[in-house]
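Trainee: Pasting a structure here, questions to come.
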Amino acid sequence: MIEVSGLRKRYGDTVALDGFDLATPAGSVCGLLGPNGAGKTTAVRVLATLLRPDSGTARVGGFDVVRQADRVRELIGLTGQFAAVDDALTGAENLRLIARLLELPRMQARRRVAEVLDRFGLADAAGRPVRTYSGGMRRRLDVAASLLGRPQVLFLDEPTTGLDPRSRADVWELVRGLVADGTTVLLTTQYLEEADRLADSVCVVDHGRVVRTGTPSQLKAQIGGHTLSVRPADPARIPDVVAVLGDAAVTSDGLVSVALSGGSDAAAVLAEAAAELRRAEVAVDELGVRLASLDEVFLALTGQFTAKEVIA
């Protein structure tokens, strides 16, 4: 549904995209991760036909974003980093305005506005001015506006920035529902947990290009292997936990972790550690083996860190 090859975009001396490549199948969520200035928003703006690339090709739904921009716009919806809603209008009035801009017939527009208000849990607040909405409600209204035209592809540029955990969870649930209905979603985010929860595939972006692609599980396995982690119930017992796990163990915020060597039987290591901790009479609040976190993947790929250093 989204095909990008060799995109380049420069602003004066600043290179925003430097050979950016991407391929996203229909009906999936692709997460773009990267530090500030990596080129994520520029890539989204090119795909949404808001910017012309200097070189390279990009197609959405089979249409070229430069030569067939009008056809691309018929297929897409875009929600930017900041809610693009009018505070002086009610929620329903905001949506009716967008419906008119989309040139929907009057009766169809009324039905569609009522549908999305209900779907996004905003029907009861539809007659209130948007200035009275919470941050989460404003963001839901913003996403609802981008869906009035029933887009096949939805670009979400950091859609949950600044939202509280409950509002973020609401947006996540909305995204899952859209994908279940067949929408393709390209998501940029600064929240590693968000990509882990939502994305079918993740593209790590740095200095204007994709440096690694895979599912969250694949990226974790490639970067860090497995880590054994123990959190003692009594922080005073941390030295005893270190004695059990060995000299390679590192401690951070009360959690003691050690990277397992390649080929280790994670289940056997976990069982042995549990037995050793029982013998040492160390009560634990947390004990488990995990893959490297997506945070560790992010830092290892975009910073000057090895996986072991990130864990430390």
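The way I read the labels, and the way they are meant: chains A, B, ... in the order of the structure tokens, residue 1 as the first residue of every chain, and ligand 1 as the first ligand shown, with later ones counted on from there.
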Excluding Leu163 of chain A and any residue of its chain fewer than 6 positions from it, enumerate the residues within 10 Å of it, using only C-alpha atoms, and give them as a list in words.
Mentor: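 Selected residues are Ser134, Gly135, Gly136, Met137, Arg139, Ala169 and Val171 of chain A.
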Trainee: Suppose we keep N, CA and C atoms; can you now write the selection as a compact mmCIF listing (two decimals), in the first residue's frame?
Mentor:
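Final output, saved to part10.txt:
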```
# COMPACT_ATOMS: atom_id res chain seq x y z
N SER A 134 -11.38 17.76 26.78
CA SER A 134 -10.09 17.36 27.33
C SER A 134 -9.11 17.10 26.18
N GLY A 135 -7.83 16.93 26.53
CA GLY A 135 -6.83 16.65 25.50
C GLY A 135 -7.14 15.38 24.73
N GLY A 136 -7.58 14.35 25.44
CA GLY A 136 -7.91 13.10 24.78
C GLY A 136 -9.09 13.23 23.84
N MET A 137 -10.11 14.00 24.24
CA MET A 137 -11.28 14.22 23.39
C MET A 137 -10.90 15.00 22.14
N ARG A 139 -8.02 15.03 20.68
CA ARG A 139 -7.26 14.15 19.78
C ARG A 139 -8.19 13.17 19.07
N ALA A 169 -4.38 5.22 25.69
CA ALA A 169 -4.98 3.89 25.51
C ALA A 169 -6.22 3.98 24.63
N VAL A 171 -6.75 6.14 22.18
CA VAL A 171 -6.30 6.30 20.80
C VAL A 171 -5.79 4.96 20.25
```
Trainee: With a distance cut-off of 12 Å and only C-alpha atoms, select the neighbouring residues of segment 230-236 of chain A, excluding the residue or stretch itself and same-chain residues fewer than 4 positions from it, and output the selection as an mmCIF file with C-alpha atoms, in the first residue's frame.
Mentor:
```
data_model
loop_
_atom_site.group_PDB
_atom_site.id
_atom_site.type_symbol
_atom_site.label_atom_id
_atom_site.label_comp_id
_atom_site.auth_asym_id
_atom_site.auth_seq_id
_atom_site.Cartn_x
_atom_site.Cartn_y
_atom_site.Cartn_z
ATOM 1 C CA ASP A 240 22.878 -11.148 47.360
ATOM 2 C CA VAL A 241 21.097 -11.153 44.003
ATOM 3 C CA VAL A 242 24.286 -9.997 42.285
ATOM 4 C CA VAL A 244 23.626 -15.302 42.477
ATOM 5 C CA LEU A 245 23.649 -13.811 38.968
ATOM 6 C CA ALA A 249 25.069 -8.447 36.510
ATOM 7 C CA VAL A 250 24.172 -4.746 36.469
ATOM 8 C CA THR A 251 21.759 -2.849 38.710
ATOM 9 C CA SER A 252 19.362 -0.050 37.785
ATOM 10 C CA ASP A 253 16.435 1.274 39.870
ATOM 11 C CA GLY A 254 16.389 -1.797 42.071
ATOM 12 C CA LEU A 255 16.378 -4.243 39.127
ATOM 13 C CA VAL A 256 19.357 -6.563 38.713
ATOM 14 C CA SER A 257 19.914 -7.794 35.137
ATOM 15 C CA VAL A 258 22.369 -9.981 33.315
ATOM 16 C CA LEU A 270 15.376 -19.023 34.892
ATOM 17 C CA ALA A 273 18.193 -18.708 39.220
ATOM 18 C CA ALA A 274 14.879 -19.198 41.055
ATOM 19 C CA LEU A 277 17.465 -17.319 45.142
ATOM 20 C CA ARG A 278 15.301 -19.607 47.263
ATOM 21 C CA ALA A 280 19.743 -17.746 49.541
ATOM 22 C CA GLU A 281 16.347 -16.883 51.081
ATOM 23 C CA VAL A 282 15.947 -13.840 48.831
ATOM 24 C CA ALA A 283 12.278 -12.907 48.306
ATOM 25 C CA VAL A 284 11.635 -11.325 44.911
ATOM 26 C CA ASP A 285 8.971 -9.041 43.475
ATOM 27 C CA GLU A 286 10.049 -9.682 39.907
ATOM 28 C CA LEU A 287 11.873 -12.545 38.213
ATOM 29 C CA GLY A 288 11.907 -13.225 34.494
ATOM 30 C CA VAL A 289 13.717 -13.621 31.197
ATOM 31 C CA ARG A 290 12.947 -11.148 28.430
#
```
Trainee: Give one line per residue of segment 188-284 of chain A that approaches segment 33-54 of chain A to at most 7 Å, naming the two atoms of the closest pair and their distance in Å to one decimal, counting only C-alpha atoms; sort by chain then ascending residue number and deliver it as a tab-separated table.
Mentor:
```
residue	atom	partner	partner_atom	distance
A:Thr188	CA	A:Leu33	CA	6.2
A:Thr189	CA	A:Leu33	CA	6.1
A:Gln190	CA	A:Leu33	CA	6.7
A:Cys203	CA	A:Leu33	CA	6.2
A:Val204	CA	A:Leu33	CA	4.8
A:Val205	CA	A:Gly34	CA	4.8
A:Asp206	CA	A:Ala38	CA	4.7
A:His207	CA	A:Ala38	CA	4.9
A:Gly208	CA	A:Gly39	CA	4.8
```
Trainee: Next, dump the selected residues to file, keeping only N, CA and C atoms, as a PDB file, in the first residue's frame.
Mentor:
```pdb
ATOM      1  N   THR A 188       4.059   7.570  13.299  1.00  0.00           N
ATOM      2  CA  THR A 188       5.312   8.027  13.878  1.00  0.00           C
ATOM      3  C   THR A 188       5.077   8.264  15.361  1.00  0.00           C
ATOM      4  N   THR A 189       6.037   7.921  16.173  1.00  0.00           N
ATOM      5  CA  THR A 189       5.843   8.054  17.615  1.00  0.00           C
ATOM      6  C   THR A 189       7.172   8.180  18.321  1.00  0.00           C
ATOM      7  N   GLN A 190       7.141   8.861  19.468  1.00  0.00           N
ATOM      8  CA  GLN A 190       8.291   8.934  20.358  1.00  0.00           C
ATOM      9  C   GLN A 190       8.157   7.927  21.490  1.00  0.00           C
ATOM     10  N   CYS A 203      10.092   0.521  11.575  1.00  0.00           N
ATOM     11  CA  CYS A 203      11.237   1.038  10.834  1.00  0.00           C
ATOM     12  C   CYS A 203      11.956   2.046  11.727  1.00  0.00           C
ATOM     13  N   VAL A 204      13.192   1.753  12.057  1.00  0.00           N
ATOM     14  CA  VAL A 204      13.983   2.684  12.865  1.00  0.00           C
ATOM     15  C   VAL A 204      14.675   3.651  11.910  1.00  0.00           C
ATOM     16  N   VAL A 205      14.409   4.949  12.107  1.00  0.00           N
ATOM     17  CA  VAL A 205      14.890   5.993  11.204  1.00  0.00           C
ATOM     18  C   VAL A 205      15.962   6.807  11.906  1.00  0.00           C
ATOM     19  N   ASP A 206      17.049   7.061  11.202  1.00  0.00           N
ATOM     20  CA  ASP A 206      18.105   7.909  11.762  1.00  0.00           C
ATOM     21  C   ASP A 206      18.804   8.625  10.619  1.00  0.00           C
ATOM     22  N   HIS A 207      19.035   9.923  10.772  1.00  0.00           N
ATOM     23  CA  HIS A 207      19.710  10.740   9.764  1.00  0.00           C
ATOM     24  C   HIS A 207      19.089  10.580   8.383  1.00  0.00           C
ATOM     25  N   GLY A 208      17.740  10.542   8.349  1.00  0.00           N
ATOM     26  CA  GLY A 208      17.050  10.582   7.073  1.00  0.00           C
ATOM     27  C   GLY A 208      16.944   9.270   6.331  1.00  0.00           C
TER      28      GLY A 208
END
```
Trainee: Between atom CA of Arg138 of chain A and atom CA of Pro165 of chain A, what is the spacing in Å?
Mentor: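 The value is 14.9 Å.
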Trainee: As number ranges by chain, please: every residue in segment 150-300 of chain A that DSSP puts in strand (DSSP E).
Mentor: A: 153-157, 184-188, 201-206, 209-214, 226-232, 250-252, 255-259, 284-291
Trainee: Applying 10 Å and only C-alpha atoms, which residues near segment 112-119 of chain A remain after dropping the ones on its own chain fewer than 2 positions away? List them as an MDAnalysis selection string.
Mentor: chainID A and resid 91:96 98:99 104 106:110 121:126 140:141 143:145 147:150 174 177
Trainee: Write to file, as a CSV table (one decimal), in the first residue's frame, the residues of the selection just made, with N, CA, C and O atoms.
Mentor:
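Saved to out23.csv:
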```csv
chain,number,residue,atom,x,y,z
A,91,GLY,N,-17.9,20.1,18.5
A,91,GLY,CA,-17.3,18.9,17.8
A,91,GLY,C,-18.0,18.6,16.5
A,91,GLY,O,-17.4,18.4,15.5
A,92,ALA,N,-19.4,18.7,16.5
A,92,ALA,CA,-20.1,18.4,15.3
A,92,ALA,C,-19.9,19.4,14.2
A,92,ALA,O,-19.7,19.0,13.0
A,93,GLU,N,-19.7,20.7,14.6
A,93,GLU,CA,-19.5,21.7,13.6
A,93,GLU,C,-18.1,21.5,13.0
A,93,GLU,O,-17.9,21.8,11.7
A,94,ASN,N,-17.1,21.1,13.8
A,94,ASN,CA,-15.8,20.9,13.2
A,94,ASN,C,-15.9,19.8,12.1
A,94,ASN,O,-15.3,19.9,11.0
A,95,LEU,N,-16.6,18.7,12.4
A,95,LEU,CA,-16.7,17.6,11.5
A,95,LEU,C,-17.5,18.0,10.2
A,95,LEU,O,-17.2,17.6,9.1
A,96,ARG,N,-18.6,18.8,10.4
A,96,ARG,CA,-19.4,19.2,9.3
A,96,ARG,C,-18.5,20.1,8.4
A,96,ARG,O,-18.7,20.1,7.1
A,98,ILE,N,-15.3,19.9,7.9
A,98,ILE,CA,-14.4,19.0,7.1
A,98,ILE,C,-15.2,18.3,6.0
A,98,ILE,O,-14.7,18.1,4.9
A,99,ALA,N,-16.4,17.8,6.3
A,99,ALA,CA,-17.2,17.2,5.4
A,99,ALA,C,-17.5,18.1,4.2
A,99,ALA,O,-17.5,17.6,3.0
A,104,LEU,N,-18.7,16.2,0.4
A,104,LEU,CA,-19.6,15.2,0.6
A,104,LEU,C,-21.0,15.7,0.4
A,104,LEU,O,-21.3,16.8,0.9
A,106,ARG,N,-24.8,16.6,1.2
A,106,ARG,CA,-25.3,17.0,2.5
A,106,ARG,C,-25.9,15.9,3.3
A,106,ARG,O,-25.5,15.7,4.5
A,107,MET,N,-26.7,15.0,2.8
A,107,MET,CA,-27.3,13.9,3.6
A,107,MET,C,-26.2,12.9,4.0
A,107,MET,O,-26.2,12.4,5.1
A,108,GLN,N,-25.3,12.6,3.0
A,108,GLN,CA,-24.2,11.7,3.3
A,108,GLN,C,-23.3,12.3,4.4
A,108,GLN,O,-22.8,11.6,5.3
A,109,ALA,N,-23.1,13.6,4.4
A,109,ALA,CA,-22.2,14.2,5.3
A,109,ALA,C,-22.8,14.1,6.7
A,109,ALA,O,-22.1,13.8,7.7
A,110,ARG,N,-24.1,14.3,6.8
A,110,ARG,CA,-24.8,14.2,8.1
A,110,ARG,C,-24.7,12.8,8.7
A,110,ARG,O,-24.4,12.7,9.9
A,121,GLY,N,-16.8,7.9,20.5
A,121,GLY,CA,-17.3,8.2,21.8
A,121,GLY,C,-17.5,9.7,22.1
A,121,GLY,O,-17.3,10.2,23.2
A,122,LEU,N,-17.9,10.5,21.0
A,122,LEU,CA,-18.0,11.9,21.2
A,122,LEU,C,-19.5,12.4,21.0
A,122,LEU,O,-19.7,13.6,20.9
A,123,ALA,N,-20.4,11.5,20.8
A,123,ALA,CA,-21.8,11.8,20.5
A,123,ALA,C,-22.4,12.7,21.6
A,123,ALA,O,-23.1,13.7,21.3
A,124,ASP,N,-22.1,12.4,22.8
A,124,ASP,CA,-22.7,13.2,23.9
A,124,ASP,C,-22.1,14.6,24.0
A,124,ASP,O,-22.8,15.5,24.6
A,125,ALA,N,-20.9,14.7,23.5
A,125,ALA,CA,-20.2,16.1,23.6
A,125,ALA,C,-20.3,16.8,22.3
A,125,ALA,O,-19.6,17.8,22.1
A,126,ALA,N,-21.0,16.3,21.3
A,126,ALA,CA,-21.0,16.8,19.9
A,126,ALA,C,-21.4,18.3,19.9
A,126,ALA,O,-21.0,19.1,19.1
A,140,ARG,N,-9.2,12.6,19.8
A,140,ARG,CA,-10.1,11.7,19.1
A,140,ARG,C,-10.9,12.5,18.1
A,140,ARG,O,-11.2,11.9,17.0
A,141,LEU,N,-11.3,13.7,18.3
A,141,LEU,CA,-12.0,14.5,17.3
A,141,LEU,C,-11.1,14.7,16.1
A,141,LEU,O,-11.6,14.7,14.9
A,143,VAL,N,-8.6,12.8,15.0
A,143,VAL,CA,-8.5,11.5,14.3
A,143,VAL,C,-9.9,11.3,13.5
A,143,VAL,O,-9.9,10.9,12.4
A,144,ALA,N,-11.0,11.6,14.2
A,144,ALA,CA,-12.3,11.4,13.5
A,144,ALA,C,-12.4,12.2,12.3
A,144,ALA,O,-12.9,11.8,11.2
A,145,ALA,N,-11.9,13.5,12.3
A,145,ALA,CA,-12.0,14.3,11.1
A,145,ALA,C,-11.2,13.7,10.0
A,145,ALA,O,-11.6,13.8,8.8
A,147,LEU,N,-10.9,10.7,9.2
A,147,LEU,CA,-11.6,9.5,8.8
A,147,LEU,C,-12.9,9.8,8.1
A,147,LEU,O,-13.6,8.8,7.6
A,148,LEU,N,-13.3,11.0,8.0
A,148,LEU,CA,-14.6,11.3,7.4
A,148,LEU,C,-14.7,10.8,5.9
A,148,LEU,O,-15.7,10.4,5.5
A,149,GLY,N,-13.6,10.9,5.2
A,149,GLY,CA,-13.6,10.5,3.8
A,149,GLY,C,-13.3,9.0,3.6
A,149,GLY,O,-13.0,8.6,2.5
A,150,ARG,N,-13.3,8.2,4.7
A,150,ARG,CA,-13.0,6.8,4.7
A,150,ARG,C,-11.7,6.5,4.0
A,150,ARG,O,-11.7,5.8,3.0
A,174,LEU,N,-8.6,2.9,19.2
A,174,LEU,CA,-9.2,3.4,17.9
A,174,LEU,C,-8.3,2.9,16.7
A,174,LEU,O,-8.9,2.5,15.7
A,177,GLY,N,-9.0,-0.7,15.9
A,177,GLY,CA,-10.3,-0.9,15.2
A,177,GLY,C,-10.2,-0.5,13.8
A,177,GLY,O,-10.8,-1.2,12.9
```
Trainee: Return the single residue from A:Leu187, A:Val15, A:Ala268, A:Leu7 that is closest to Ala58 of chain A, with distances computed using only C-alpha atoms.
Mentor: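 Nearest candidate to Ala58 of chain A out of A:Leu187, A:Val15, A:Ala268, A:Leu7: A:Leu7.
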Trainee: Between atom CA of Pro25 of chain A and atom CA of Phe298 of chain A, what distance in Å does the model show, to one decimal?
Mentor: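 Computed distance, atom CA of Pro25 of chain A to atom CA of Phe298 of chain A, equals 22.9 Å.
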Trainee: If you run DSSP on the backbone here, which positions in segment 119-173 of chain A get alpha helix (DSSP H)? Please write them as a PyMOL selection string.
Mentor: chain A and resi 119+135-146+165-173
Trainee: Using only N, CA and C atoms, please write the residues we just selected to a file, as a PDB file, in the first residue's frame.
Mentor:
```pdb
ATOM      1  N   ARG A 119     -18.748   6.495  16.900  1.00  0.00           N
ATOM      2  CA  ARG A 119     -17.642   5.538  16.946  1.00  0.00           C
ATOM      3  C   ARG A 119     -16.524   6.007  17.865  1.00  0.00           C
ATOM      4  N   GLY A 135      -7.827  16.931  26.533  1.00  0.00           N
ATOM      5  CA  GLY A 135      -6.833  16.652  25.502  1.00  0.00           C
ATOM      6  C   GLY A 135      -7.144  15.382  24.733  1.00  0.00           C
ATOM      7  N   GLY A 136      -7.584  14.350  25.438  1.00  0.00           N
ATOM      8  CA  GLY A 136      -7.910  13.096  24.782  1.00  0.00           C
ATOM      9  C   GLY A 136      -9.094  13.231  23.842  1.00  0.00           C
ATOM     10  N   MET A 137     -10.106  14.002  24.243  1.00  0.00           N
ATOM     11  CA  MET A 137     -11.279  14.216  23.389  1.00  0.00           C
ATOM     12  C   MET A 137     -10.901  15.000  22.141  1.00  0.00           C
ATOM     13  N   ARG A 138     -10.045  16.001  22.300  1.00  0.00           N
ATOM     14  CA  ARG A 138      -9.604  16.788  21.145  1.00  0.00           C
ATOM     15  C   ARG A 138      -8.859  15.908  20.149  1.00  0.00           C
ATOM     16  N   ARG A 139      -8.017  15.028  20.679  1.00  0.00           N
ATOM     17  CA  ARG A 139      -7.262  14.151  19.777  1.00  0.00           C
ATOM     18  C   ARG A 139      -8.192  13.170  19.073  1.00  0.00           C
ATOM     19  N   ARG A 140      -9.195  12.650  19.787  1.00  0.00           N
ATOM     20  CA  ARG A 140     -10.145  11.741  19.150  1.00  0.00           C
ATOM     21  C   ARG A 140     -10.924  12.463  18.054  1.00  0.00           C
ATOM     22  N   LEU A 141     -11.299  13.730  18.320  1.00  0.00           N
ATOM     23  CA  LEU A 141     -11.999  14.508  17.305  1.00  0.00           C
ATOM     24  C   LEU A 141     -11.105  14.735  16.095  1.00  0.00           C
ATOM     25  N   ASP A 142      -9.845  14.985  16.324  1.00  0.00           N
ATOM     26  CA  ASP A 142      -8.894  15.218  15.232  1.00  0.00           C
ATOM     27  C   ASP A 142      -8.765  13.971  14.364  1.00  0.00           C
ATOM     28  N   VAL A 143      -8.624  12.800  15.007  1.00  0.00           N
ATOM     29  CA  VAL A 143      -8.546  11.544  14.250  1.00  0.00           C
ATOM     30  C   VAL A 143      -9.867  11.301  13.517  1.00  0.00           C
ATOM     31  N   ALA A 144     -10.998  11.595  14.179  1.00  0.00           N
ATOM     32  CA  ALA A 144     -12.302  11.406  13.550  1.00  0.00           C
ATOM     33  C   ALA A 144     -12.415  12.238  12.270  1.00  0.00           C
ATOM     34  N   ALA A 145     -11.898  13.463  12.309  1.00  0.00           N
ATOM     35  CA  ALA A 145     -11.963  14.331  11.130  1.00  0.00           C
ATOM     36  C   ALA A 145     -11.192  13.734   9.964  1.00  0.00           C
ATOM     37  N   SER A 146     -10.070  13.097  10.267  1.00  0.00           N
ATOM     38  CA  SER A 146      -9.250  12.514   9.199  1.00  0.00           C
ATOM     39  C   SER A 146      -9.892  11.272   8.599  1.00  0.00           C
ATOM     40  N   PRO A 165      -2.109   8.686  30.188  1.00  0.00           N
ATOM     41  CA  PRO A 165      -2.125   7.258  29.837  1.00  0.00           C
ATOM     42  C   PRO A 165      -3.486   6.737  29.391  1.00  0.00           C
ATOM     43  N   ARG A 166      -4.563   7.199  30.035  1.00  0.00           N
ATOM     44  CA  ARG A 166      -5.887   6.706  29.643  1.00  0.00           C
ATOM     45  C   ARG A 166      -6.259   7.183  28.242  1.00  0.00           C
ATOM     46  N   SER A 167      -5.978   8.445  27.932  1.00  0.00           N
ATOM     47  CA  SER A 167      -6.289   8.969  26.607  1.00  0.00           C
ATOM     48  C   SER A 167      -5.442   8.287  25.542  1.00  0.00           C
ATOM     49  N   ARG A 168      -4.179   8.001  25.872  1.00  0.00           N
ATOM     50  CA  ARG A 168      -3.333   7.268  24.929  1.00  0.00           C
ATOM     51  C   ARG A 168      -3.925   5.903  24.645  1.00  0.00           C
ATOM     52  N   ALA A 169      -4.381   5.217  25.685  1.00  0.00           N
ATOM     53  CA  ALA A 169      -4.977   3.894  25.507  1.00  0.00           C
ATOM     54  C   ALA A 169      -6.224   3.978  24.627  1.00  0.00           C
ATOM     55  N   ASP A 170      -7.003   5.058  24.757  1.00  0.00           N
ATOM     56  CA  ASP A 170      -8.193   5.243  23.922  1.00  0.00           C
ATOM     57  C   ASP A 170      -7.799   5.348  22.448  1.00  0.00           C
ATOM     58  N   VAL A 171      -6.753   6.137  22.177  1.00  0.00           N
ATOM     59  CA  VAL A 171      -6.303   6.298  20.795  1.00  0.00           C
ATOM     60  C   VAL A 171      -5.789   4.962  20.251  1.00  0.00           C
ATOM     61  N   TRP A 172      -5.050   4.212  21.087  1.00  0.00           N
ATOM     62  CA  TRP A 172      -4.556   2.896  20.650  1.00  0.00           C
ATOM     63  C   TRP A 172      -5.710   1.997  20.237  1.00  0.00           C
ATOM     64  N   GLU A 173      -6.780   2.010  21.034  1.00  0.00           N
ATOM     65  CA  GLU A 173      -7.925   1.158  20.731  1.00  0.00           C
ATOM     66  C   GLU A 173      -8.574   1.575  19.411  1.00  0.00           C
TER      67      GLU A 173
END
```
Trainee: Write out as a list in words the residues lying within 9 Å of segment 194-202 of chain A, counting only C-alpha atoms and excluding same-chain residues fewer than 5 positions away.
Mentor: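 Non-adjacent residues within range: Thr24, Ser28, Val29, Cys30, Gly31, Leu32, Leu33, Thr160, Arg168, Trp172, Val175, Arg176, Val185, Leu186, Leu187, Thr188, Thr189, Arg212, Thr213, Gly214, Thr215, Pro216, Ser217, Leu219 and Leu294 of chain A.
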Trainee: Kindly give the distance, in Å, that separates atom CA of Val153 of chain A and atom CA of Gly62 of chain A, rounded to a single decimal.
Mentor: 11.8 Å
